[in-house]
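Student: Next up is a structure, given as structure tokens.
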Amino acid sequence: MKPKLVYSFLKVMVSVVFYLLIAIAGVFLFVSLLTFSGKQDLKRYQHHDPVYTYEVQSFGPGPASTSYTYSPDSLMRYHGNSRFTLEVESRSAAGYYSLIGVLIFLGIGICILWNFRQIFREASLEHPFRRSVSRRLRMLAALFIASDLFNLLNYFLLNSFIKQSIASPHLKLITKVGDGFIIGLVVWIIAVVYQRGIDLQEENALTV
Amino acid sequence: MPIIVNLDVMMARRKMSLSELAEKVGITLSNLSILKTGKAKAIRFSTLEKICEVLDCQPADILEYRDE
């Protein structure tokens, strides 16, 4: 596959996903505002108010965490019912927090895609090394790391909300932390190498 | 930078214009301008050799080290 074709394809894809995410954020915000403004129309289409759902796992003592099912050779086992879907009412403290959390995540996602889009706009295969692209790569790295940090904060805050409302079983949010940090680190390294490329290009241009 | 390029002095002595020198040396006018204004980060031996040949001078006549 030709690099130019791949570049053009990625450029289009990033733009499509960027506008799609903006549309999703817009719809989410609209539905959330309708819910908070207390309009009754939404209730006609749904059986209950929109809720935020989270996947949680029970870590406390109880039948759920101890009932294992073994494979015939007893080399593998699994246990069910320790995972639950937690629903949070939108007009509660946890619900308000969830709304802010989702908006922050969407905001970070939009910022990441916007930076990607700008990189594809500013860079070209003919002139790949530009200072603005290097700056955007650093920004991307920071955003990826920030998203993971927020994910970690979200984990602790939601767990405290859950602990306040549901004492037993001991539920904890299932979340993946570390991916954003690793991606951010990799992008940061790429940005540093890219910066060296810019320096070399400038040095070459100023060599008579 | 403590390296001073005295190209304009040599050009004046030889009564040679920038475009004429660029043409004789075989480099672009913009590159020669970069060298003359002291913006250059490096100079190739081949370019220096050609400039010295055209201006009939030594490298030390063009480049000078001045402690800042």
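Please note that chains go A, B, ... in the order of the structure tokens, that every chain numbers its residues from 1, and that ligands are numbered from 1 in the order shown.
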Counting only C-alpha atoms, which residues in chain B sit no more than 6 Å from chain A? For each one, give the nearest pair of atoms and the distance in Å, sorted by chain then residue number, as CSV.
Tutor:
residue,atom,partner,partner_atom,distance
B:Asn31,CA,A:Val208,CA,5.8
B:Ala40,CA,A:Leu206,CA,4.8
B:Lys41,CA,A:Leu206,CA,5.4
B:Ala42,CA,A:Thr207,CA,4.6
B:Ile43,CA,A:Val208,CA,4.9
Student: Write out as a PyMOL selection string the set of residues from chain B that DSSP, computed on the backbone, places in helix (DSSP H, G or I).
Tutor: chain B and resi 7-13+18-25+29-36+45-55+59-62
Student: As a list of chain:residue names, please: the residues near Asn151 (chain A) (cut-off 10 Å, only C-alpha atoms, same-chain neighbours under 3 positions excluded).
Tutor: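 In the requested form, the answer reads A:Gly101, A:Phe105, A:Ile145, A:Ala146, A:Ser147, A:Asp148, A:Asn154, A:Tyr155, A:Phe156, A:Leu157, A:Thr175, A:Lys176, A:Val177, A:Gly178, A:Gly180.
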Student: Export all heavy atoms of the chosen residues as an mmCIF file, in the first residue's frame?
Tutor:
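Just written: selection.cif:
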data_model
loop_
_atom_site.group_PDB
_atom_site.id
_atom_site.type_symbol
_atom_site.label_atom_id
_atom_site.label_comp_id
_atom_site.auth_asym_id
_atom_site.auth_seq_id
_atom_site.Cartn_x
_atom_site.Cartn_y
_atom_site.Cartn_z
ATOM 1 N N GLY A 101 -17.920 13.575 34.864
ATOM 2 C CA GLY A 101 -16.877 12.620 34.459
ATOM 3 C C GLY A 101 -16.952 12.269 32.991
ATOM 4 O O GLY A 101 -15.943 12.300 32.292
ATOM 5 N N PHE A 105 -14.237 13.098 30.051
ATOM 6 C CA PHE A 105 -13.676 12.066 29.164
ATOM 7 C C PHE A 105 -13.936 12.396 27.699
ATOM 8 O O PHE A 105 -13.052 12.254 26.852
ATOM 9 C CB PHE A 105 -14.252 10.692 29.498
ATOM 10 C CG PHE A 105 -13.485 9.980 30.582
ATOM 11 C CD1 PHE A 105 -14.115 9.556 31.739
ATOM 12 C CD2 PHE A 105 -12.127 9.747 30.448
ATOM 13 C CE1 PHE A 105 -13.407 8.905 32.745
ATOM 14 C CE2 PHE A 105 -11.405 9.106 31.447
ATOM 15 C CZ PHE A 105 -12.057 8.691 32.596
ATOM 16 N N ILE A 145 -1.839 11.000 29.049
ATOM 17 C CA ILE A 145 -1.460 10.788 30.453
ATOM 18 C C ILE A 145 -2.538 11.388 31.367
ATOM 19 O O ILE A 145 -2.929 10.775 32.367
ATOM 20 C CB ILE A 145 -0.060 11.381 30.732
ATOM 21 C CG1 ILE A 145 1.004 10.550 29.989
ATOM 22 C CG2 ILE A 145 0.245 11.412 32.221
ATOM 23 C CD1 ILE A 145 2.375 11.154 29.934
ATOM 24 N N ALA A 146 -3.054 12.568 30.981
ATOM 25 C CA ALA A 146 -4.110 13.209 31.779
ATOM 26 C C ALA A 146 -5.369 12.349 31.827
ATOM 27 O O ALA A 146 -6.015 12.244 32.874
ATOM 28 C CB ALA A 146 -4.431 14.581 31.196
ATOM 29 N N SER A 147 -5.697 11.717 30.695
ATOM 30 C CA SER A 147 -6.900 10.877 30.667
ATOM 31 C C SER A 147 -6.746 9.693 31.617
ATOM 32 O O SER A 147 -7.692 9.292 32.291
ATOM 33 C CB SER A 147 -7.187 10.393 29.240
ATOM 34 O OG SER A 147 -6.321 9.366 28.894
ATOM 35 N N ASP A 148 -5.542 9.154 31.688
ATOM 36 C CA ASP A 148 -5.313 8.029 32.591
ATOM 37 C C ASP A 148 -5.332 8.475 34.051
ATOM 38 O O ASP A 148 -5.849 7.767 34.910
ATOM 39 C CB ASP A 148 -3.975 7.375 32.252
ATOM 40 C CG ASP A 148 -4.080 5.875 32.244
ATOM 41 O OD1 ASP A 148 -5.189 5.370 31.978
ATOM 42 O OD2 ASP A 148 -3.081 5.196 32.508
ATOM 43 N N ASN A 154 -11.147 8.986 38.940
ATOM 44 C CA ASN A 154 -12.529 8.541 38.784
ATOM 45 C C ASN A 154 -12.760 7.227 39.531
ATOM 46 O O ASN A 154 -13.787 7.042 40.183
ATOM 47 C CB ASN A 154 -12.799 8.368 37.284
ATOM 48 C CG ASN A 154 -14.223 7.998 36.997
ATOM 49 O OD1 ASN A 154 -15.140 8.629 37.501
ATOM 50 N ND2 ASN A 154 -14.419 6.982 36.193
ATOM 51 N N TYR A 155 -11.778 6.355 39.464
ATOM 52 C CA TYR A 155 -11.855 5.051 40.141
ATOM 53 C C TYR A 155 -12.012 5.249 41.657
ATOM 54 O O TYR A 155 -12.905 4.674 42.278
ATOM 55 C CB TYR A 155 -10.583 4.256 39.824
ATOM 56 C CG TYR A 155 -10.445 2.956 40.569
ATOM 57 C CD1 TYR A 155 -11.159 1.832 40.181
ATOM 58 C CD2 TYR A 155 -9.594 2.853 41.666
ATOM 59 C CE1 TYR A 155 -11.035 0.640 40.869
ATOM 60 C CE2 TYR A 155 -9.468 1.659 42.364
ATOM 61 C CZ TYR A 155 -10.181 0.558 41.961
ATOM 62 O OH TYR A 155 -10.063 -0.622 42.638
ATOM 63 N N PHE A 156 -11.174 6.097 42.230
ATOM 64 C CA PHE A 156 -11.225 6.307 43.682
ATOM 65 C C PHE A 156 -12.509 7.045 44.091
ATOM 66 O O PHE A 156 -13.125 6.697 45.094
ATOM 67 C CB PHE A 156 -9.991 7.079 44.152
ATOM 68 C CG PHE A 156 -8.744 6.245 44.114
ATOM 69 C CD1 PHE A 156 -7.690 6.568 43.278
ATOM 70 C CD2 PHE A 156 -8.630 5.104 44.904
ATOM 71 C CE1 PHE A 156 -6.549 5.794 43.230
ATOM 72 C CE2 PHE A 156 -7.480 4.316 44.860
ATOM 73 C CZ PHE A 156 -6.439 4.655 44.025
ATOM 74 N N LEU A 157 -12.888 8.054 43.311
ATOM 75 C CA LEU A 157 -14.077 8.833 43.668
ATOM 76 C C LEU A 157 -15.341 7.989 43.577
ATOM 77 O O LEU A 157 -16.176 8.017 44.480
ATOM 78 C CB LEU A 157 -14.190 10.060 42.755
ATOM 79 C CG LEU A 157 -13.287 11.230 43.128
ATOM 80 C CD1 LEU A 157 -13.335 12.302 42.056
ATOM 81 C CD2 LEU A 157 -13.709 11.845 44.462
ATOM 82 N N THR A 175 -12.066 -1.022 36.179
ATOM 83 C CA THR A 175 -11.491 -0.024 35.266
ATOM 84 C C THR A 175 -10.090 -0.445 34.839
ATOM 85 O O THR A 175 -9.439 -1.231 35.514
ATOM 86 C CB THR A 175 -11.472 1.369 35.931
ATOM 87 O OG1 THR A 175 -11.098 2.330 34.978
ATOM 88 C CG2 THR A 175 -10.514 1.444 37.110
ATOM 89 N N LYS A 176 -9.679 0.083 33.724
ATOM 90 C CA LYS A 176 -8.351 -0.233 33.190
ATOM 91 C C LYS A 176 -7.493 1.016 33.310
ATOM 92 O O LYS A 176 -7.781 2.032 32.673
ATOM 93 C CB LYS A 176 -8.479 -0.625 31.718
ATOM 94 C CG LYS A 176 -8.156 -2.075 31.445
ATOM 95 C CD LYS A 176 -8.382 -2.353 30.004
ATOM 96 C CE LYS A 176 -7.324 -3.258 29.434
ATOM 97 N NZ LYS A 176 -7.533 -3.476 28.010
ATOM 98 N N VAL A 177 -6.489 0.957 34.113
ATOM 99 C CA VAL A 177 -5.599 2.106 34.273
ATOM 100 C C VAL A 177 -4.209 1.710 33.787
ATOM 101 O O VAL A 177 -3.740 0.610 34.073
ATOM 102 C CB VAL A 177 -5.555 2.565 35.753
ATOM 103 C CG1 VAL A 177 -4.600 3.730 35.935
ATOM 104 C CG2 VAL A 177 -6.943 2.962 36.221
ATOM 105 N N GLY A 178 -3.577 2.588 33.065
ATOM 106 C CA GLY A 178 -2.208 2.323 32.616
ATOM 107 C C GLY A 178 -2.032 2.419 31.120
ATOM 108 O O GLY A 178 -0.958 2.787 30.653
ATOM 109 N N GLY A 180 -3.430 4.531 28.924
ATOM 110 C CA GLY A 180 -3.227 5.934 28.514
ATOM 111 C C GLY A 180 -1.841 6.421 28.859
ATOM 112 O O GLY A 180 -1.212 7.145 28.090
#
Student: Give me the residues near Ala191 (chain A) as a PyMOL selection string, where near means some atom within 10 Å (using only C-alpha atoms) and where sequence neighbours in that chain fewer than 5 positions away do not count.
Tutor: chain A and resi 133-141+185-186+196-197
Student: Take CA of Ile174 (chain A) and CA of Ile162 (chain A) and report the distance between them in Å, one decimal.
Tutor: 12.4 Å
Student: Compare A:Ile24, A:Ile119, A:Ile189, A:Leu125 by their minimum atom-to-atom distance to Val102 (chain A), counting only C-alpha atoms, and give me the closest one.
Tutor: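 For Val102 (chain A), the nearest of the candidates is A:Ile24.
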